[in-house]
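The structure appears right after this line, and notes come after that.
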Amino acid sequence: MNKVRTRFAPSPTGYMHIGNLRTALYAYLFAKSQHGDFILRIEDTDRARYVADAVEFIEKTLASAKIIPDEGPHNGGDFGPYVQSERMKIYKSYAEKLIELGYAYRCFCNNDDDCNDDDKKFGGYNRTCRDLDREELEANIVARKPYVIRQKMPLTGETTFFDVLHGNITIANSELEDQVLLKRDGMPTYNFANVIDDHLMKVTHIIRGTEFITSTPKHVLLYEAFGWEIPTFIHLAPVMGKSADGTVSKLSKRHGATSFNDLVEMGYLPEVITNYVALLGWSPKSNQEIFSMDELIEKFSLEGLSKSPAVFDYNKLDWMSGEYFKAMSDEDFAKVADKFFGELDENLASKKVYLGSLLKTRISKLSDIPAQIKFLQVMPPLDVELFTNKRNKVTAENSVGILTDAIKVLENISDWTVDELHEKINAFVTESGLKMGTIMWALRIALSGQKVTPGGVIEILYLLGKNISIERLNSALIFLSNIPKKI
RNA sequence: GGCGCCAUCGUCAAGCGGUUAAGACACCGCCCUUUCACGGCGGGUUCGCGGGUUCGAGUCCCGCUGGCGUCACCA
């Protein structure tokens, strides 16, 4: 049996859509699970769409997703070059060959309207010039450069191909146009280059999106014309997005971030994105959801692939992301979180690992961090209402006493550590005869101006440090004393 | 519109003729609790519709409906 070889063949747009990334992932996982090769090939035959540095961008993105090609523009391999624009001579020779074989012909008009009367004598577009006397025609056409080479489709009958996911798919040949194989500028079209390269590069399994199902018969006809072995097709259902109005459509900008890189910038770990995306359209048929790349390779199989489109669910991504953070050590988390902390003062900067330990269980992406820690750097404006909490029996009035006493306790603490704070605060609560919740609530509000904080009061005190903590408590006291008493 | 593909909870999905139709996310409720988070427990009319086939259909067949794709010198 032939060694399995799959490929990922993006056009260099400088943008890695999640759907593309998933296609690459599946092609990679399948190849690796079969101990085969995974090839990266750049399909840059559309000069108008060329984006500078896009190849490097694609390679970097794949690398960050841990998808490593065995062959590619910068990975070596025996079947290069792996950039289509560098293979023009190859395509040309195969196109000429096809003409000799009688499966293609030269033509120079885009459509019948493009042709003037003179042109029409030599045939215009699509099936006008295909059956004219070839020698006479070609001499004239070649003289009239630039021309195009079109594939000569059978007018009757049907073409059937096998798809692993969909079984046999049959399309009537009458549906197929005499498509362009070689463009005026000498570049091949996707539908041509693709077939030539997949054959030359010995690709055994073509894994790509469903949008290519309808053009596959054209490819099959090409393989047959050359007498080449037809590879196995696997057409993947698209990744969809859900809009606010509930409608579902192919994932696009209006659904939020859609590229791998957008997601990374938002602070999702690359391994989280691959893990999540792997499960979008593929099921391991077990209850496992968290997978390392090695596990994915081990568990991957074509049977788990889904035929129907999958909606990208940010909720689930968030959950999965949180699971990864929770599983990380405080040190590792602090490392990946580092650039999201922003500018920290000396005190906080020295407590990053500790801060991270509090943060990692309550965020779903790293970009949530700035909002979570802002109050540590800048005290938000106080609001009396915040001091009122029914469940904990706190009011703006009784807060005054609590804060006053707390300040005294805190001022006497010289060893400002979490343990020490814990001990002293506990003692203070016991002594006061009040509920833990009552005291903590008042303190939290005074210290943070928020009902919700990452970590409890003890942790905030520690993070803020002695001076700032006491300062904030005093300010809160002043604030409360200036509130007109309720009647 | 022609052609093609698809159709199980809101979402990802298991299921491959006989199941109380898994599990996860989200949601809701309760518990725990130093707020939030974390954690624990529990909850929900899910097989698009209509015909067949069969003792028996989410599973097979047909039709319908709906969604998506495709009809480029884009990939």
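Naming scheme: A, B, ... for chains in displayed order of the structure tokens; residues 1 onward per chain; ligands 1 onward as shown.
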
Taking only C-alpha atoms (C1' of nucleotides) into account, what are the residues of chain B at most 6 Å from chain A, put as a short mmCIF file (atom, residue, chain, number, x, y, z; two decimals) with C-alpha atoms (C1' of nucleotides), in the first residue's frame?
```cif
data_model
loop_
_atom_site.label_atom_id
_atom_site.label_comp_id
_atom_site.auth_asym_id
_atom_site.auth_seq_id
_atom_site.Cartn_x
_atom_site.Cartn_y
_atom_site.Cartn_z
"C1'" C B 6 -26.41 18.27 4.39
"C1'" G B 23 -21.49 13.06 27.11
"C1'" C B 25 -20.69 23.72 26.45
"C1'" U B 34 -15.27 35.47 52.38
"C1'" U B 35 -18.40 38.52 47.05
"C1'" C B 36 -17.24 36.61 42.24
"C1'" A B 37 -14.91 32.48 40.61
"C1'" G B 69 -22.31 25.02 -1.62
"C1'" U B 70 -21.46 25.68 -6.88
"C1'" C B 73 -8.82 33.66 -16.98
#
```

Taking only stretch 202-317 of chain A into account, list the residues labelled strand (DSSP E or B) by DSSP (computed from the backbone), as a VMD selection string. chain A and resid 205 to 209 232 to 236 239 to 242 248 to 250 259 282 305 310 to 311

Write out as a PyMOL selection string all residues of stretch 225-413 of chain A that backbone DSSP assigns to alpha helix (DSSP H). chain A and resi 225-226+260-265+270-278+293-299+314-327+330-341+346-349+352-359+369-377+396-411

Atoms to include: C-alpha atoms. Write the selected residues as a PDB file, in the first residue's frame.
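Okay, this is what ended up in selection_28.pdb:
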```pdb
ATOM      1  CA  ALA A 225      -7.219  12.116 -19.519  1.00  0.00           C
ATOM      2  CA  PHE A 226      -3.661  11.718 -18.309  1.00  0.00           C
ATOM      3  CA  PHE A 260      -6.376  31.757  14.114  1.00  0.00           C
ATOM      4  CA  ASN A 261      -4.258  34.829  14.653  1.00  0.00           C
ATOM      5  CA  ASP A 262      -7.152  36.963  15.870  1.00  0.00           C
ATOM      6  CA  LEU A 263      -7.877  34.331  18.453  1.00  0.00           C
ATOM      7  CA  VAL A 264      -4.263  34.161  19.573  1.00  0.00           C
ATOM      8  CA  GLU A 265      -4.211  37.915  19.955  1.00  0.00           C
ATOM      9  CA  PRO A 270      -2.723  28.136  20.277  1.00  0.00           C
ATOM     10  CA  GLU A 271      -3.128  24.623  21.658  1.00  0.00           C
ATOM     11  CA  VAL A 272      -6.596  25.543  22.898  1.00  0.00           C
ATOM     12  CA  ILE A 273      -7.604  26.717  19.456  1.00  0.00           C
ATOM     13  CA  THR A 274      -6.367  23.544  17.783  1.00  0.00           C
ATOM     14  CA  ASN A 275      -7.994  21.413  20.439  1.00  0.00           C
ATOM     15  CA  TYR A 276     -11.313  23.172  20.063  1.00  0.00           C
ATOM     16  CA  VAL A 277     -11.218  23.294  16.301  1.00  0.00           C
ATOM     17  CA  ALA A 278     -10.329  19.612  16.105  1.00  0.00           C
ATOM     18  CA  MET A 293      -1.540  17.190  19.670  1.00  0.00           C
ATOM     19  CA  ASP A 294      -0.046  13.753  20.223  1.00  0.00           C
ATOM     20  CA  GLU A 295      -3.344  12.456  21.509  1.00  0.00           C
ATOM     21  CA  LEU A 296      -5.169  13.921  18.544  1.00  0.00           C
ATOM     22  CA  ILE A 297      -2.814  12.152  16.193  1.00  0.00           C
ATOM     23  CA  GLU A 298      -3.265   8.937  18.067  1.00  0.00           C
ATOM     24  CA  LYS A 299      -7.054   9.121  18.198  1.00  0.00           C
ATOM     25  CA  TYR A 314     -17.296  30.855  21.560  1.00  0.00           C
ATOM     26  CA  ASN A 315     -18.826  29.622  24.810  1.00  0.00           C
ATOM     27  CA  LYS A 316     -17.263  26.259  24.420  1.00  0.00           C
ATOM     28  CA  LEU A 317     -13.965  27.773  23.355  1.00  0.00           C
ATOM     29  CA  ASP A 318     -14.024  29.904  26.508  1.00  0.00           C
ATOM     30  CA  TRP A 319     -14.678  26.895  28.663  1.00  0.00           C
ATOM     31  CA  MET A 320     -11.920  24.891  27.082  1.00  0.00           C
ATOM     32  CA  SER A 321      -9.525  27.792  27.369  1.00  0.00           C
ATOM     33  CA  GLY A 322     -10.309  28.046  31.072  1.00  0.00           C
ATOM     34  CA  GLU A 323      -9.600  24.358  31.508  1.00  0.00           C
ATOM     35  CA  TYR A 324      -6.153  24.826  30.020  1.00  0.00           C
ATOM     36  CA  PHE A 325      -5.398  27.763  32.281  1.00  0.00           C
ATOM     37  CA  LYS A 326      -6.495  25.884  35.350  1.00  0.00           C
ATOM     38  CA  ALA A 327      -4.285  22.986  34.446  1.00  0.00           C
ATOM     39  CA  ASP A 330       1.243  29.376  38.329  1.00  0.00           C
ATOM     40  CA  GLU A 331       4.653  29.994  36.827  1.00  0.00           C
ATOM     41  CA  ASP A 332       3.657  28.872  33.351  1.00  0.00           C
ATOM     42  CA  PHE A 333       0.507  30.885  33.502  1.00  0.00           C
ATOM     43  CA  ALA A 334       2.361  34.007  34.560  1.00  0.00           C
ATOM     44  CA  LYS A 335       4.630  33.495  31.612  1.00  0.00           C
ATOM     45  CA  VAL A 336       1.912  33.327  28.952  1.00  0.00           C
ATOM     46  CA  ALA A 337      -0.057  36.055  30.694  1.00  0.00           C
ATOM     47  CA  ASP A 338       2.872  38.408  30.984  1.00  0.00           C
ATOM     48  CA  LYS A 339       2.204  40.704  28.080  1.00  0.00           C
ATOM     49  CA  PHE A 340      -1.428  41.058  29.075  1.00  0.00           C
ATOM     50  CA  PHE A 341      -0.554  42.459  32.507  1.00  0.00           C
ATOM     51  CA  GLU A 346       7.044  47.690  41.192  1.00  0.00           C
ATOM     52  CA  ASN A 347       4.932  46.131  43.892  1.00  0.00           C
ATOM     53  CA  LEU A 348       2.542  44.328  41.549  1.00  0.00           C
ATOM     54  CA  ALA A 349       5.256  43.429  39.096  1.00  0.00           C
ATOM     55  CA  LYS A 352       2.919  38.430  38.991  1.00  0.00           C
ATOM     56  CA  VAL A 353       2.991  34.732  39.732  1.00  0.00           C
ATOM     57  CA  TYR A 354       0.721  35.166  42.711  1.00  0.00           C
ATOM     58  CA  LEU A 355      -1.580  37.422  40.737  1.00  0.00           C
ATOM     59  CA  GLY A 356      -1.656  34.827  38.000  1.00  0.00           C
ATOM     60  CA  SER A 357      -2.653  32.118  40.438  1.00  0.00           C
ATOM     61  CA  LEU A 358      -5.763  34.132  41.270  1.00  0.00           C
ATOM     62  CA  LEU A 359      -6.501  35.060  37.691  1.00  0.00           C
ATOM     63  CA  ILE A 369      -6.774  40.223  32.424  1.00  0.00           C
ATOM     64  CA  PRO A 370      -6.529  44.019  32.120  1.00  0.00           C
ATOM     65  CA  ALA A 371     -10.113  44.536  33.187  1.00  0.00           C
ATOM     66  CA  GLN A 372      -9.648  42.137  36.079  1.00  0.00           C
ATOM     67  CA  ILE A 373      -6.621  43.868  37.534  1.00  0.00           C
ATOM     68  CA  LYS A 374      -7.365  47.477  36.771  1.00  0.00           C
ATOM     69  CA  PHE A 375      -8.695  48.197  40.250  1.00  0.00           C
ATOM     70  CA  LEU A 376      -5.358  47.220  41.728  1.00  0.00           C
ATOM     71  CA  GLN A 377      -3.690  50.022  39.854  1.00  0.00           C
ATOM     72  CA  ALA A 396     -22.918  52.220  54.699  1.00  0.00           C
ATOM     73  CA  GLU A 397     -23.513  53.032  58.385  1.00  0.00           C
ATOM     74  CA  ASN A 398     -22.051  49.921  59.961  1.00  0.00           C
ATOM     75  CA  SER A 399     -19.207  49.913  57.471  1.00  0.00           C
ATOM     76  CA  VAL A 400     -17.718  52.930  59.181  1.00  0.00           C
ATOM     77  CA  GLY A 401     -17.086  51.015  62.380  1.00  0.00           C
ATOM     78  CA  ILE A 402     -15.770  47.987  60.554  1.00  0.00           C
ATOM     79  CA  LEU A 403     -13.309  50.003  58.517  1.00  0.00           C
ATOM     80  CA  THR A 404     -12.132  51.995  61.500  1.00  0.00           C
ATOM     81  CA  ASP A 405     -11.390  48.875  63.499  1.00  0.00           C
ATOM     82  CA  ALA A 406      -9.849  47.093  60.539  1.00  0.00           C
ATOM     83  CA  ILE A 407      -7.426  49.911  59.944  1.00  0.00           C
ATOM     84  CA  LYS A 408      -6.184  49.614  63.514  1.00  0.00           C
ATOM     85  CA  VAL A 409      -5.624  45.900  63.085  1.00  0.00           C
ATOM     86  CA  LEU A 410      -3.842  46.292  59.809  1.00  0.00           C
ATOM     87  CA  GLU A 411      -1.603  49.065  61.000  1.00  0.00           C
TER      88      GLU A 411
END
```

Check which residues of stretch 8-27 of chain B sit at most 10 Å from stretch 47-68 of chain B using only C-alpha atoms (C1' of nucleotides), and return one row each with the closest pair of atoms and their distance in Å to one decimal, ordered by chain and rising number, as a Markdown table.
```
| residue | atom | partner | partner_atom | distance |
| --- | --- | --- | --- | --- |
| B:U8 | C1' | B:C47 | C1' | 4.2 |
| B:C9 | C1' | B:C47 | C1' | 9.5 |
| B:G15 | C1' | B:U59 | C1' | 7.9 |
| B:C16 | C1' | B:U59 | C1' | 6.7 |
| B:G17 | C1' | B:A57 | C1' | 6.5 |
| B:G18 | C1' | B:G56 | C1' | 6.6 |
| B:A21 | C1' | B:G58 | C1' | 7.9 |
```

Those selected residues, please, written with C-alpha atoms (C1' of nucleotides) and delivered as a PDB file, in the first residue's frame.
```pdb
ATOM      1  C1'   U B   8     -30.333  14.209  16.602  1.00  0.00           C
ATOM      2  C1'   C B   9     -31.090  19.293  22.598  1.00  0.00           C
ATOM      3  C1'   G B  15     -25.992   6.504  17.940  1.00  0.00           C
ATOM      4  C1'   C B  16     -24.773   2.714  12.586  1.00  0.00           C
ATOM      5  C1'   G B  17     -33.050  -1.712  13.039  1.00  0.00           C
ATOM      6  C1'   G B  18     -34.796  -3.153  19.370  1.00  0.00           C
ATOM      7  C1'   A B  21     -31.685   8.714  22.726  1.00  0.00           C
TER       8        A B  21
END
```

Near B:G29, counting only C-alpha atoms (C1' of nucleotides), which residues have an atom at most 12 Å away, once you skip same-chain residues fewer than 6 positions from it, shown as a PyMOL selection string? chain B and resi 41-44

Take the residues that were just selected and, keeping all heavy atoms, output them as a PDB file, in the first residue's frame.
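Generated file (part_24.pdb):
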```
ATOM      1  P     C B  41     -21.248  15.868  41.249  1.00  0.00           P
ATOM      2  OP1   C B  41     -21.031  14.399  41.164  1.00  0.00           O
ATOM      3  OP2   C B  41     -20.942  16.726  40.084  1.00  0.00           O
ATOM      4  O5'   C B  41     -22.754  16.137  41.684  1.00  0.00           O
ATOM      5  C5'   C B  41     -23.289  15.494  42.842  1.00  0.00           C
ATOM      6  C4'   C B  41     -24.660  16.039  43.134  1.00  0.00           C
ATOM      7  O4'   C B  41     -24.569  17.466  43.423  1.00  0.00           O
ATOM      8  C3'   C B  41     -25.647  15.983  41.977  1.00  0.00           C
ATOM      9  O3'   C B  41     -26.235  14.711  41.818  1.00  0.00           O
ATOM     10  C2'   C B  41     -26.670  17.024  42.406  1.00  0.00           C
ATOM     11  O2'   C B  41     -27.547  16.543  43.400  1.00  0.00           O
ATOM     12  C1'   C B  41     -25.762  18.107  43.012  1.00  0.00           C
ATOM     13  N1    C B  41     -25.441  19.149  42.016  1.00  0.00           N
ATOM     14  C2    C B  41     -26.395  20.138  41.761  1.00  0.00           C
ATOM     15  O2    C B  41     -27.469  20.109  42.394  1.00  0.00           O
ATOM     16  N3    C B  41     -26.131  21.093  40.832  1.00  0.00           N
ATOM     17  C4    C B  41     -24.977  21.078  40.179  1.00  0.00           C
ATOM     18  N4    C B  41     -24.770  22.041  39.279  1.00  0.00           N
ATOM     19  C5    C B  41     -23.992  20.079  40.419  1.00  0.00           C
ATOM     20  C6    C B  41     -24.255  19.137  41.334  1.00  0.00           C
ATOM     21  P     G B  42     -26.685  14.263  40.360  1.00  0.00           P
ATOM     22  OP1   G B  42     -27.174  12.870  40.482  1.00  0.00           O
ATOM     23  OP2   G B  42     -25.628  14.594  39.387  1.00  0.00           O
ATOM     24  O5'   G B  42     -27.937  15.217  40.075  1.00  0.00           O
ATOM     25  C5'   G B  42     -29.149  15.012  40.784  1.00  0.00           C
ATOM     26  C4'   G B  42     -30.080  16.167  40.537  1.00  0.00           C
ATOM     27  O4'   G B  42     -29.405  17.428  40.799  1.00  0.00           O
ATOM     28  C3'   G B  42     -30.591  16.358  39.113  1.00  0.00           C
ATOM     29  O3'   G B  42     -31.632  15.460  38.795  1.00  0.00           O
ATOM     30  C2'   G B  42     -31.109  17.790  39.188  1.00  0.00           C
ATOM     31  O2'   G B  42     -32.345  17.863  39.852  1.00  0.00           O
ATOM     32  C1'   G B  42     -30.033  18.457  40.044  1.00  0.00           C
ATOM     33  N9    G B  42     -29.054  19.146  39.214  1.00  0.00           N
ATOM     34  C8    G B  42     -27.748  18.781  38.957  1.00  0.00           C
ATOM     35  N7    G B  42     -27.140  19.611  38.152  1.00  0.00           N
ATOM     36  C5    G B  42     -28.102  20.574  37.847  1.00  0.00           C
ATOM     37  C6    G B  42     -28.028  21.726  37.022  1.00  0.00           C
ATOM     38  O6    G B  42     -27.079  22.147  36.368  1.00  0.00           O
ATOM     39  N1    G B  42     -29.232  22.418  36.999  1.00  0.00           N
ATOM     40  C2    G B  42     -30.363  22.060  37.685  1.00  0.00           C
ATOM     41  N2    G B  42     -31.423  22.849  37.528  1.00  0.00           N
ATOM     42  N3    G B  42     -30.445  20.985  38.461  1.00  0.00           N
ATOM     43  C4    G B  42     -29.276  20.303  38.498  1.00  0.00           C
ATOM     44  P     G B  43     -31.951  15.168  37.255  1.00  0.00           P
ATOM     45  OP1   G B  43     -32.994  14.126  37.204  1.00  0.00           O
ATOM     46  OP2   G B  43     -30.665  14.980  36.540  1.00  0.00           O
ATOM     47  O5'   G B  43     -32.586  16.549  36.793  1.00  0.00           O
ATOM     48  C5'   G B  43     -33.801  17.016  37.386  1.00  0.00           C
ATOM     49  C4'   G B  43     -34.244  18.279  36.705  1.00  0.00           C
ATOM     50  O4'   G B  43     -33.269  19.333  36.913  1.00  0.00           O
ATOM     51  C3'   G B  43     -34.339  18.187  35.190  1.00  0.00           C
ATOM     52  O3'   G B  43     -35.581  17.610  34.811  1.00  0.00           O
ATOM     53  C2'   G B  43     -34.230  19.649  34.762  1.00  0.00           C
ATOM     54  O2'   G B  43     -35.449  20.352  34.926  1.00  0.00           O
ATOM     55  C1'   G B  43     -33.222  20.182  35.780  1.00  0.00           C
ATOM     56  N9    G B  43     -31.859  20.218  35.264  1.00  0.00           N
ATOM     57  C8    G B  43     -30.855  19.300  35.507  1.00  0.00           C
ATOM     58  N7    G B  43     -29.724  19.626  34.924  1.00  0.00           N
ATOM     59  C5    G B  43     -30.001  20.811  34.262  1.00  0.00           C
ATOM     60  C6    G B  43     -29.164  21.641  33.458  1.00  0.00           C
ATOM     61  O6    G B  43     -27.971  21.476  33.183  1.00  0.00           O
ATOM     62  N1    G B  43     -29.852  22.747  32.972  1.00  0.00           N
ATOM     63  C2    G B  43     -31.166  23.027  33.229  1.00  0.00           C
ATOM     64  N2    G B  43     -31.640  24.139  32.669  1.00  0.00           N
ATOM     65  N3    G B  43     -31.958  22.270  33.974  1.00  0.00           N
ATOM     66  C4    G B  43     -31.314  21.195  34.460  1.00  0.00           C
ATOM     67  P     G B  44     -35.670  16.847  33.386  1.00  0.00           P
ATOM     68  OP1   G B  44     -36.883  16.026  33.382  1.00  0.00           O
ATOM     69  OP2   G B  44     -34.374  16.233  33.116  1.00  0.00           O
ATOM     70  O5'   G B  44     -35.884  18.048  32.361  1.00  0.00           O
ATOM     71  C5'   G B  44     -36.746  19.158  32.704  1.00  0.00           C
ATOM     72  C4'   G B  44     -36.875  20.043  31.489  1.00  0.00           C
ATOM     73  O4'   G B  44     -35.665  20.809  31.323  1.00  0.00           O
ATOM     74  C3'   G B  44     -37.074  19.211  30.224  1.00  0.00           C
ATOM     75  O3'   G B  44     -38.236  19.604  29.529  1.00  0.00           O
ATOM     76  C2'   G B  44     -35.808  19.411  29.391  1.00  0.00           C
ATOM     77  O2'   G B  44     -36.083  19.896  28.096  1.00  0.00           O
ATOM     78  C1'   G B  44     -35.019  20.497  30.124  1.00  0.00           C
ATOM     79  N9    G B  44     -33.649  20.055  30.399  1.00  0.00           N
ATOM     80  C8    G B  44     -33.208  18.907  30.997  1.00  0.00           C
ATOM     81  N7    G B  44     -31.908  18.840  31.079  1.00  0.00           N
ATOM     82  C5    G B  44     -31.477  20.021  30.504  1.00  0.00           C
ATOM     83  C6    G B  44     -30.174  20.519  30.295  1.00  0.00           C
ATOM     84  O6    G B  44     -29.112  20.004  30.602  1.00  0.00           O
ATOM     85  N1    G B  44     -30.189  21.759  29.668  1.00  0.00           N
ATOM     86  C2    G B  44     -31.323  22.430  29.290  1.00  0.00           C
ATOM     87  N2    G B  44     -31.141  23.615  28.708  1.00  0.00           N
ATOM     88  N3    G B  44     -32.545  21.983  29.471  1.00  0.00           N
ATOM     89  C4    G B  44     -32.535  20.782  30.070  1.00  0.00           C
TER      90        G B  44
END
```
